[in-house]
>>> print(open('data-v3.csv').read())   # CSV, N, CA, C and O atoms
chain,number,residue,atom,x,y,z
A,1,MET,N,15.1,-3.5,-16.0
A,1,MET,CA,15.1,-4.2,-14.7
A,1,MET,C,14.9,-3.1,-13.6
A,1,MET,O,15.5,-2.1,-13.6
A,2,GLU,N,14.0,-3.4,-12.7
A,2,GLU,CA,13.6,-2.5,-11.6
A,2,GLU,C,14.7,-2.6,-10.5
A,2,GLU,O,15.1,-3.7,-10.1
A,3,ASN,N,15.1,-1.4,-10.0
A,3,ASN,CA,16.0,-1.5,-8.8
A,3,ASN,C,15.2,-1.4,-7.5
A,3,ASN,O,14.0,-1.1,-7.5
A,4,ARG,N,15.9,-1.5,-6.4
A,4,ARG,CA,15.2,-1.6,-5.1
A,4,ARG,C,14.5,-0.3,-4.8
A,4,ARG,O,13.5,-0.2,-4.1
A,5,TYR,N,15.1,0.9,-5.3
A,5,TYR,CA,14.5,2.2,-5.0
A,5,TYR,C,13.1,2.3,-5.7
A,5,TYR,O,12.2,3.0,-5.1
A,6,ASP,N,13.0,1.8,-6.9
A,6,ASP,CA,11.7,1.8,-7.5
A,6,ASP,C,10.7,1.1,-6.8
A,6,ASP,O,9.5,1.5,-6.6
A,7,ALA,N,11.0,-0.1,-6.3
A,7,ALA,CA,10.1,-0.9,-5.5
A,7,ALA,C,9.7,-0.2,-4.2
A,7,ALA,O,8.6,-0.2,-3.8
A,8,GLN,N,10.7,0.4,-3.5
A,8,GLN,CA,10.4,1.2,-2.3
A,8,GLN,C,9.5,2.4,-2.6
A,8,GLN,O,8.6,2.6,-1.8
A,9,ALA,N,9.8,3.1,-3.7
A,9,ALA,CA,8.9,4.2,-4.0
A,9,ALA,C,7.5,3.8,-4.3
A,9,ALA,O,6.6,4.5,-4.0
A,10,ARG,N,7.3,2.6,-4.9
A,10,ARG,CA,6.0,2.1,-5.1
A,10,ARG,C,5.2,1.9,-3.8
A,10,ARG,O,4.0,2.2,-3.7
A,11,ILE,N,5.9,1.5,-2.8
A,11,ILE,CA,5.2,1.4,-1.5
A,11,ILE,C,4.8,2.7,-0.9
A,11,ILE,O,3.7,2.9,-0.5
A,12,PHE,N,5.7,3.7,-1.0
A,12,PHE,CA,5.4,5.0,-0.5
A,12,PHE,C,4.3,5.7,-1.3
A,12,PHE,O,3.5,6.4,-0.8
A,13,LYS,N,4.3,5.4,-2.6
A,13,LYS,CA,3.3,6.0,-3.5
A,13,LYS,C,1.9,5.5,-3.0
A,13,LYS,O,0.9,6.2,-3.0
A,14,ALA,N,1.8,4.2,-2.7
A,14,ALA,CA,0.6,3.6,-2.2
A,14,ALA,C,0.1,4.2,-0.9
A,14,ALA,O,-1.1,4.4,-0.7
A,15,LEU,N,1.0,4.7,-0.1
A,15,LEU,CA,0.7,5.2,1.2
A,15,LEU,C,0.5,6.7,1.3
A,15,LEU,O,0.1,7.3,2.3
A,16,CYS,N,0.8,7.4,0.2
A,16,CYS,CA,0.8,8.9,0.3
A,16,CYS,C,-0.5,9.5,-0.2
A,16,CYS,O,-0.5,10.7,-0.5
A,17,ASP,N,-1.6,8.8,-0.3
A,17,ASP,CA,-2.8,9.4,-0.8
A,17,ASP,C,-3.9,9.2,0.2
A,17,ASP,O,-4.1,8.0,0.7
A,18,PRO,N,-4.7,10.2,0.6
A,18,PRO,CA,-5.7,10.1,1.6
A,18,PRO,C,-6.8,9.0,1.2
A,18,PRO,O,-7.3,8.3,2.1
A,19,ARG,N,-7.1,8.9,-0.1
A,19,ARG,CA,-8.1,7.9,-0.5
A,19,ARG,C,-7.6,6.5,-0.3
A,19,ARG,O,-8.3,5.6,0.2
A,20,ARG,N,-6.3,6.3,-0.6
A,20,ARG,CA,-5.8,4.9,-0.4
A,20,ARG,C,-5.7,4.6,1.1
A,20,ARG,O,-5.8,3.5,1.5
A,21,LEU,N,-5.4,5.6,1.9
A,21,LEU,CA,-5.4,5.4,3.4
A,21,LEU,C,-6.8,5.0,3.9
A,21,LEU,O,-6.9,4.2,4.8
A,22,GLN,N,-7.8,5.6,3.3
A,22,GLN,CA,-9.2,5.3,3.7
A,22,GLN,C,-9.5,3.8,3.3
A,22,GLN,O,-10.1,3.1,4.0
A,23,ILE,N,-9.0,3.4,2.1
A,23,ILE,CA,-9.2,2.1,1.6
A,23,ILE,C,-8.6,1.1,2.6
A,23,ILE,O,-9.1,0.1,3.0
A,24,LEU,N,-7.3,1.4,3.0
A,24,LEU,CA,-6.6,0.5,3.9
A,24,LEU,C,-7.3,0.4,5.3
A,24,LEU,O,-7.4,-0.6,5.9
A,25,GLU,N,-7.9,1.6,5.7
A,25,GLU,CA,-8.6,1.6,7.0
A,25,GLU,C,-9.8,0.6,6.9
A,25,GLU,O,-10.1,-0.1,7.8
A,26,LEU,N,-10.5,0.7,5.8
A,26,LEU,CA,-11.7,-0.2,5.6
A,26,LEU,C,-11.3,-1.7,5.5
A,26,LEU,O,-12.0,-2.5,6.0
A,27,LEU,N,-10.1,-1.9,4.9
A,27,LEU,CA,-9.7,-3.3,4.7
A,27,LEU,C,-9.1,-3.9,6.0
A,27,LEU,O,-8.9,-5.1,6.2
A,28,ARG,N,-8.8,-3.0,7.0
A,28,ARG,CA,-8.3,-3.5,8.3
A,28,ARG,C,-9.4,-4.3,9.0
A,28,ARG,O,-9.0,-5.2,9.8
A,29,GLY,N,-10.6,-4.1,8.6
A,29,GLY,CA,-11.7,-4.9,9.2
A,29,GLY,C,-11.9,-6.2,8.5
A,29,GLY,O,-12.8,-7.0,8.9
A,30,GLY,N,-11.1,-6.5,7.5
A,30,GLY,CA,-11.2,-7.8,6.8
A,30,GLY,C,-11.5,-7.6,5.3
A,30,GLY,O,-11.6,-6.5,4.8
A,31,GLU,N,-11.5,-8.7,4.6
A,31,GLU,CA,-11.7,-8.6,3.1
A,31,GLU,C,-13.0,-8.0,2.8
A,31,GLU,O,-14.1,-8.2,3.5
A,32,LYS,N,-13.0,-7.1,1.7
A,32,LYS,CA,-14.2,-6.4,1.3
A,32,LYS,C,-14.3,-6.5,-0.2
A,32,LYS,O,-13.3,-6.5,-1.0
A,33,CYS,N,-15.5,-6.6,-0.7
A,33,CYS,CA,-15.8,-6.6,-2.1
A,33,CYS,C,-15.6,-5.2,-2.6
A,33,CYS,O,-15.9,-4.2,-1.9
A,34,ALA,N,-15.2,-5.1,-3.9
A,34,ALA,CA,-15.1,-3.7,-4.5
A,34,ALA,C,-16.4,-3.0,-4.4
A,34,ALA,O,-16.4,-1.7,-4.2
A,35,CYS,N,-17.5,-3.6,-4.5
A,35,CYS,CA,-18.8,-2.9,-4.5
A,35,CYS,C,-19.0,-2.3,-3.1
A,35,CYS,O,-19.6,-1.2,-3.0
A,36,ILE,N,-18.6,-3.0,-2.0
A,36,ILE,CA,-18.7,-2.4,-0.7
A,36,ILE,C,-17.8,-1.2,-0.5
A,36,ILE,O,-18.2,-0.2,0.1
A,37,LEU,N,-16.6,-1.3,-1.1
A,37,LEU,CA,-15.6,-0.2,-1.0
A,37,LEU,C,-16.2,1.0,-1.7
A,37,LEU,O,-16.0,2.2,-1.3
A,38,THR,N,-16.7,0.8,-2.9
A,38,THR,CA,-17.3,1.9,-3.7
A,38,THR,C,-18.3,2.6,-2.9
A,38,THR,O,-18.3,3.9,-2.9
A,39,ASP,N,-19.3,1.9,-2.3
A,39,ASP,CA,-20.3,2.5,-1.6
A,39,ASP,C,-19.8,3.2,-0.3
A,39,ASP,O,-20.2,4.3,0.0
A,40,ALA,N,-18.9,2.6,0.4
A,40,ALA,CA,-18.4,3.1,1.6
A,40,ALA,C,-17.6,4.4,1.4
A,40,ALA,O,-17.6,5.3,2.2
A,41,LEU,N,-16.9,4.5,0.3
A,41,LEU,CA,-16.1,5.7,0.0
A,41,LEU,C,-16.8,6.7,-0.8
A,41,LEU,O,-16.3,7.8,-1.0
A,42,GLY,N,-17.9,6.3,-1.4
A,42,GLY,CA,-18.7,7.3,-2.3
A,42,GLY,C,-17.9,7.8,-3.5
A,42,GLY,O,-18.0,8.9,-3.8
A,43,MET,N,-17.1,6.8,-4.1
A,43,MET,CA,-16.4,7.2,-5.2
A,43,MET,C,-16.8,6.3,-6.4
A,43,MET,O,-17.2,5.2,-6.2
A,44,PRO,N,-16.6,6.8,-7.6
A,44,PRO,CA,-16.9,6.0,-8.8
A,44,PRO,C,-16.0,4.7,-8.8
A,44,PRO,O,-14.9,4.7,-8.4
A,45,GLN,N,-16.5,3.7,-9.4
A,45,GLN,CA,-15.8,2.4,-9.6
A,45,GLN,C,-14.5,2.6,-10.3
A,45,GLN,O,-13.5,2.0,-9.9
A,46,SER,N,-14.4,3.5,-11.3
A,46,SER,CA,-13.2,3.7,-12.0
A,46,SER,C,-12.1,4.3,-11.1
A,46,SER,O,-10.9,4.0,-11.2
A,47,SER,N,-12.5,5.3,-10.2
A,47,SER,CA,-11.5,5.9,-9.3
A,47,SER,C,-11.0,4.8,-8.3
A,47,SER,O,-9.9,4.8,-8.0
A,48,LEU,N,-12.0,4.0,-7.8
A,48,LEU,CA,-11.6,3.0,-6.9
A,48,LEU,C,-10.6,2.0,-7.5
A,48,LEU,O,-9.6,1.6,-6.9
A,49,SER,N,-10.9,1.6,-8.7
A,49,SER,CA,-10.0,0.7,-9.4
A,49,SER,C,-8.6,1.3,-9.6
A,49,SER,O,-7.6,0.5,-9.4
A,50,TYR,N,-8.5,2.5,-9.9
A,50,TYR,CA,-7.2,3.2,-10.0
A,50,TYR,C,-6.4,3.1,-8.7
A,50,TYR,O,-5.3,2.7,-8.6
A,51,HIS,N,-7.1,3.4,-7.5
A,51,HIS,CA,-6.4,3.4,-6.2
A,51,HIS,C,-6.1,2.0,-5.8
A,51,HIS,O,-5.0,1.7,-5.3
A,52,LEU,N,-7.0,1.0,-6.1
A,52,LEU,CA,-6.7,-0.4,-5.8
A,52,LEU,C,-5.5,-1.0,-6.6
A,52,LEU,O,-4.8,-1.8,-6.1
A,53,LYS,N,-5.4,-0.5,-7.8
A,53,LYS,CA,-4.3,-1.0,-8.6
A,53,LYS,C,-3.0,-0.6,-8.0
A,53,LYS,O,-2.0,-1.3,-7.9
A,54,ILE,N,-2.9,0.7,-7.6
A,54,ILE,CA,-1.7,1.2,-6.9
A,54,ILE,C,-1.4,0.4,-5.6
A,54,ILE,O,-0.2,0.0,-5.4
A,55,LEU,N,-2.4,0.1,-4.9
A,55,LEU,CA,-2.2,-0.6,-3.6
A,55,LEU,C,-1.8,-2.1,-3.9
A,55,LEU,O,-0.9,-2.6,-3.2
A,56,CYS,N,-2.4,-2.7,-4.9
A,56,CYS,CA,-2.0,-4.0,-5.3
A,56,CYS,C,-0.6,-4.1,-5.9
A,56,CYS,O,0.1,-5.0,-5.6
A,57,ASP,N,-0.3,-3.1,-6.7
A,57,ASP,CA,1.1,-3.1,-7.3
A,57,ASP,C,2.1,-2.9,-6.2
A,57,ASP,O,3.3,-3.4,-6.4
A,58,SER,N,1.8,-2.3,-5.1
A,58,SER,CA,2.8,-2.1,-4.0
A,58,SER,C,2.9,-3.4,-3.2
A,58,SER,O,3.9,-3.5,-2.5
A,59,GLY,N,2.0,-4.3,-3.3
A,59,GLY,CA,2.0,-5.6,-2.6
A,59,GLY,C,1.3,-5.5,-1.2
A,59,GLY,O,1.1,-6.4,-0.5
A,60,ILE,N,0.8,-4.3,-0.9
A,60,ILE,CA,0.1,-4.1,0.4
A,60,ILE,C,-1.2,-4.7,0.4
A,60,ILE,O,-1.7,-5.2,1.4
A,61,VAL,N,-1.9,-4.7,-0.7
A,61,VAL,CA,-3.3,-5.2,-0.9
A,61,VAL,C,-3.2,-6.4,-1.9
A,61,VAL,O,-2.5,-6.3,-2.9
A,62,ALA,N,-4.0,-7.4,-1.7
A,62,ALA,CA,-4.2,-8.5,-2.6
A,62,ALA,C,-5.7,-8.6,-2.9
A,62,ALA,O,-6.5,-8.3,-2.1
A,63,GLY,N,-5.9,-9.0,-4.2
A,63,GLY,CA,-7.3,-9.2,-4.6
A,63,GLY,C,-7.6,-10.6,-5.1
A,63,GLY,O,-6.6,-11.3,-5.5
A,64,ARG,N,-8.8,-11.1,-5.0
A,64,ARG,CA,-9.2,-12.4,-5.5
A,64,ARG,C,-10.5,-12.2,-6.2
A,64,ARG,O,-11.4,-11.5,-5.7
A,65,GLU,N,-10.6,-12.8,-7.4
A,65,GLU,CA,-11.9,-12.7,-8.1
A,65,GLU,C,-12.9,-13.7,-7.7
A,65,GLU,O,-12.5,-14.9,-7.5
A,66,GLU,N,-14.1,-13.3,-7.6
A,66,GLU,CA,-15.2,-14.2,-7.3
A,66,GLU,C,-16.4,-13.7,-8.2
A,66,GLU,O,-17.0,-12.7,-7.9
A,67,GLY,N,-16.7,-14.5,-9.2
A,67,GLY,CA,-17.7,-14.0,-10.2
A,67,GLY,C,-17.3,-12.8,-10.9
A,67,GLY,O,-16.1,-12.7,-11.3
A,68,LYS,N,-18.2,-11.8,-10.9
A,68,LYS,CA,-17.8,-10.5,-11.6
A,68,LYS,C,-17.2,-9.5,-10.7
A,68,LYS,O,-16.7,-8.5,-11.1
A,69,TRP,N,-17.0,-9.8,-9.4
A,69,TRP,CA,-16.5,-8.9,-8.4
A,69,TRP,C,-15.1,-9.4,-8.0
A,69,TRP,O,-14.8,-10.6,-8.0
A,70,THR,N,-14.3,-8.4,-7.5
A,70,THR,CA,-13.0,-8.7,-6.9
A,70,THR,C,-13.1,-8.4,-5.4
A,70,THR,O,-13.6,-7.3,-5.1
A,71,HIS,N,-12.6,-9.2,-4.6
A,71,HIS,CA,-12.5,-9.0,-3.1
A,71,HIS,C,-11.1,-8.7,-2.8
A,71,HIS,O,-10.2,-9.3,-3.2
A,72,TYR,N,-11.0,-7.7,-1.9
A,72,TYR,CA,-9.6,-7.2,-1.6
A,72,TYR,C,-9.4,-7.3,-0.1
A,72,TYR,O,-10.3,-7.2,0.7
A,73,ARG,N,-8.1,-7.5,0.2
A,73,ARG,CA,-7.7,-7.7,1.6
A,73,ARG,C,-6.3,-7.1,1.8
A,73,ARG,O,-5.5,-7.0,0.8
A,74,ILE,N,-5.9,-6.8,3.0
A,74,ILE,CA,-4.5,-6.4,3.2
A,74,ILE,C,-3.7,-7.7,3.2
A,74,ILE,O,-4.0,-8.7,3.8
A,75,SER,N,-2.6,-7.6,2.5
A,75,SER,CA,-1.7,-8.8,2.4
A,75,SER,C,-0.8,-8.8,3.6
A,75,SER,O,-0.1,-7.8,3.9
A,76,ALA,N,-0.7,-10.0,4.3
A,76,ALA,CA,0.2,-10.1,5.4
A,76,ALA,C,1.6,-10.0,5.0
A,76,ALA,O,2.4,-9.3,5.7
A,77,GLN,N,2.0,-10.5,3.9
A,77,GLN,CA,3.3,-10.4,3.4
A,77,GLN,C,3.7,-9.0,3.0
A,77,GLN,O,4.7,-8.5,3.3
A,78,GLY,N,2.7,-8.3,2.3
A,78,GLY,CA,2.9,-6.9,2.0
A,78,GLY,C,3.1,-6.0,3.2
A,78,GLY,O,3.9,-5.1,3.2
A,79,SER,N,2.2,-6.3,4.2
A,79,SER,CA,2.3,-5.5,5.4
A,79,SER,C,3.6,-5.7,6.1
A,79,SER,O,4.3,-4.7,6.5
A,80,ALA,N,4.1,-6.9,6.1
A,80,ALA,CA,5.4,-7.2,6.7
A,80,ALA,C,6.6,-6.4,5.9
A,80,ALA,O,7.5,-5.9,6.5
A,81,GLN,N,6.4,-6.4,4.6
A,81,GLN,CA,7.4,-5.7,3.8
A,81,GLN,C,7.5,-4.2,4.1
A,81,GLN,O,8.5,-3.6,4.2
A,82,VAL,N,6.3,-3.6,4.3
A,82,VAL,CA,6.2,-2.2,4.6
A,82,VAL,C,6.9,-1.9,6.0
A,82,VAL,O,7.7,-1.0,6.1
A,83,ILE,N,6.6,-2.7,6.9
A,83,ILE,CA,7.2,-2.6,8.3
A,83,ILE,C,8.7,-2.7,8.2
A,83,ILE,O,9.4,-1.9,8.8
A,84,ALA,N,9.2,-3.7,7.5
A,84,ALA,CA,10.6,-3.9,7.3
A,84,ALA,C,11.3,-2.8,6.6
A,84,ALA,O,12.4,-2.3,7.0
A,85,LEU,N,10.6,-2.2,5.6
A,85,LEU,CA,11.2,-1.1,4.8
A,85,LEU,C,11.3,0.1,5.7
A,85,LEU,O,12.3,0.8,5.8
A,86,LEU,N,10.3,0.4,6.5
A,86,LEU,CA,10.3,1.6,7.4
A,86,LEU,C,11.4,1.4,8.5
A,86,LEU,O,12.2,2.4,8.8
A,87,ARG,N,11.6,0.2,9.0
A,87,ARG,CA,12.7,0.0,9.9
A,87,ARG,C,14.0,0.2,9.3
A,87,ARG,O,14.9,0.8,9.8
A,88,GLU,N,14.2,-0.4,8.1
A,88,GLU,CA,15.5,-0.3,7.3
A,88,GLU,C,15.8,1.2,7.1
A,88,GLU,O,17.0,1.6,7.3
A,89,LEU,N,14.8,1.9,6.6
A,89,LEU,CA,15.1,3.3,6.2
A,89,LEU,C,15.3,4.3,7.4
A,89,LEU,O,16.0,5.3,7.2
A,90,THR,N,14.8,3.9,8.5
A,90,THR,CA,14.9,4.8,9.7
A,90,THR,C,15.9,4.3,10.7
A,90,THR,O,16.1,5.0,11.8
A,91,LEU,N,16.6,3.2,10.5
A,91,LEU,CA,17.6,2.7,11.4
A,91,LEU,C,18.8,3.5,11.3
A,91,LEU,O,19.4,3.8,10.2
A,92,VAL,N,19.3,4.0,12.5
A,92,VAL,CA,20.5,4.8,12.5
A,92,VAL,C,21.6,3.8,12.9
A,92,VAL,O,21.6,3.1,13.9
A,93,SER,N,22.6,3.8,12.0
A,93,SER,CA,23.8,2.9,12.3
A,93,SER,C,24.6,3.4,13.4
A,93,SER,O,24.7,4.6,13.6
A,94,GLY,N,25.2,2.5,14.2
A,94,GLY,CA,25.9,2.9,15.4
A,94,GLY,C,27.1,3.8,15.2
A,94,GLY,O,27.3,4.7,15.9
A,95,GLU,N,27.9,3.5,14.1
A,95,GLU,CA,29.1,4.3,13.9
A,95,GLU,C,28.8,5.8,13.5
A,95,GLU,O,29.5,6.7,13.9
A,96,ASP,N,27.7,6.0,12.7
A,96,ASP,CA,27.4,7.3,12.3
A,96,ASP,C,26.5,8.1,13.2
A,96,ASP,O,26.3,9.3,13.0
A,97,ALA,N,25.9,7.4,14.2
A,97,ALA,CA,24.9,8.0,15.1
A,97,ALA,C,25.5,9.2,15.8
A,97,ALA,O,26.6,9.0,16.4
A,98,GLY,N,24.9,10.3,15.8
A,98,GLY,CA,25.3,11.4,16.6
A,98,GLY,C,26.4,12.3,16.0
A,98,GLY,O,26.8,13.3,16.6
A,99,LYS,N,27.0,11.9,14.9
A,99,LYS,CA,28.0,12.7,14.3
A,99,LYS,C,27.4,13.8,13.5
A,99,LYS,O,26.4,13.6,12.8
A,100,SER,N,28.1,14.9,13.5
A,100,SER,CA,27.7,16.0,12.6
A,100,SER,C,28.6,16.1,11.4
A,100,SER,O,29.7,15.5,11.4
A,101,CYS,N,28.3,16.9,10.5
A,101,CYS,CA,29.1,16.9,9.2
A,101,CYS,C,30.5,17.6,9.5
A,101,CYS,O,31.4,17.5,8.7
A,102,CYS,N,30.6,18.3,10.6
A,102,CYS,CA,31.8,19.2,10.8
A,102,CYS,C,32.7,18.5,11.8
A,102,CYS,O,33.7,19.1,12.2
A,103,GLU,N,32.5,17.3,12.3
A,103,GLU,CA,33.4,16.7,13.3
A,103,GLU,C,34.5,16.1,12.6
A,103,GLU,O,34.5,15.5,11.6
>>> encode(input="data-v3.csv", output="structure tokens")
Amino acid sequence: MENRYDAQARIFKALCDPRRLQILELLRGGEKCACILTDALGMPQSSLSYHLKILCDSGIVAGREEGKWTHYRISAQGSAQVIALLRELTLVSGEDAGKSCCE
């Protein structure tokens, strides 16, 4: 059974690679076919598939098949989860805020 830290790490793994950030930038303009992404990024289809799998596994990107191609888009639900996770991890609780270890 997966714990919440594994799920959180999967999101950060998706965001920590320059190629995946390029893919997300391209998808910000709307849904794109894998063939368009391959051409735009100048990478082999196998490399693109690897990066898209990581993005899809994180929930940030969703794909839909149409014929022999898959079309990818940023998932609204996945995007909201990323934003919520960043807020949760960087929220400073009121009681501990400003205390040092030696007080």
>>> closest_residue(input="data-v3.csv", among="A:Leu27, A:Glu88, A:Ala7, A:Leu41", to="A:Arg73", atoms="all atoms listed in the file")
A:Leu27
>>> atom_distance(input="data-v3.csv", atom1="atom N of A:Ile60", atom2="atom N of A:Arg4")
16.3 Å
>>> atom_distance(input="data-v3.csv", atom1="atom N of A:Arg28", atom2="atom C of A:Lys53")
16.3 Å
>>> atom_distance(input="data-v3.csv", atom1="atom C of A:Met1", atom2="atom C of A:Leu86")
22.8 Å
>>> residues_around(input="data-v3.csv", residues="A:Ala34", least_positions_apart="5", cutoff="8 Å", atoms="all atoms listed in the file", output="ChimeraX atom specification")
/A:39-41,43-45,48-49,64,69-72
>>> select_by_dssp(input="data-v3.csv", residues="stretch 10-48 of chain A", states="alpha helix (DSSP H)", output="PyMOL selection string")
chain A and resi 10-15+18-27+34-41+45-48
>>> closest_residue(input="data-v3.csv", among="A:Leu37, A:Val82, A:Leu89, A:Ile74", to="A:Leu15", atoms="only C-alpha atoms")
A:Val82
>>> residues_around(input="data-v3.csv", residues="A:Asp6", least_positions_apart="6", cutoff="12 Å", atoms="only C-alpha atoms", output="JSON, numbers by chain")
{"A": [12, 13, 57, 58]}
>>> write_last_selection(input="data-v3.csv", atoms="N, CA, C and O atoms", output="PDB file, in the frame of the given file")
ATOM      1  N   PHE A  12       5.700   3.700  -1.000  1.00  0.00           N
ATOM      2  CA  PHE A  12       5.400   5.000  -0.500  1.00  0.00           C
ATOM      3  C   PHE A  12       4.300   5.700  -1.300  1.00  0.00           C
ATOM      4  O   PHE A  12       3.500   6.400  -0.800  1.00  0.00           O
ATOM      5  N   LYS A  13       4.300   5.400  -2.600  1.00  0.00           N
ATOM      6  CA  LYS A  13       3.300   6.000  -3.500  1.00  0.00           C
ATOM      7  C   LYS A  13       1.900   5.500  -3.000  1.00  0.00           C
ATOM      8  O   LYS A  13       0.900   6.200  -3.000  1.00  0.00           O
ATOM      9  N   ASP A  57      -0.300  -3.100  -6.700  1.00  0.00           N
ATOM     10  CA  ASP A  57       1.100  -3.100  -7.300  1.00  0.00           C
ATOM     11  C   ASP A  57       2.100  -2.900  -6.200  1.00  0.00           C
ATOM     12  O   ASP A  57       3.300  -3.400  -6.400  1.00  0.00           O
ATOM     13  N   SER A  58       1.800  -2.300  -5.100  1.00  0.00           N
ATOM     14  CA  SER A  58       2.800  -2.100  -4.000  1.00  0.00           C
ATOM     15  C   SER A  58       2.900  -3.400  -3.200  1.00  0.00           C
ATOM     16  O   SER A  58       3.900  -3.500  -2.500  1.00  0.00           O
TER      17      SER A  58
END
>>> residues_around(input="data-v3.csv", residues="A:Ala14", least_positions_apart="2", cutoff="9 Å", atoms="only C-alpha atoms", output="JSON, numbers by chain")
{"A": [9, 10, 11, 12, 16, 17, 20, 21, 51, 54, 55, 56, 57, 58, 60]}
>>> closest_residue(input="data-v3.csv", among="A:Arg19, A:Gly67, A:Glu31, A:Gly78", to="A:Leu52", atoms="only N, CA, C and O atoms")
A:Arg19
>>> closest_residue(input="data-v3.csv", among="A:Leu24, A:Ile36, A:Leu91, A:Val61", to="A:Ser79", atoms="only N, CA, C and O atoms")
A:Val61
>>> closest_residue(input="data-v3.csv", among="A:Cys102, A:Ala84, A:Cys33, A:Ser47", to="A:Glu66", atoms="only C-alpha atoms")
A:Cys33
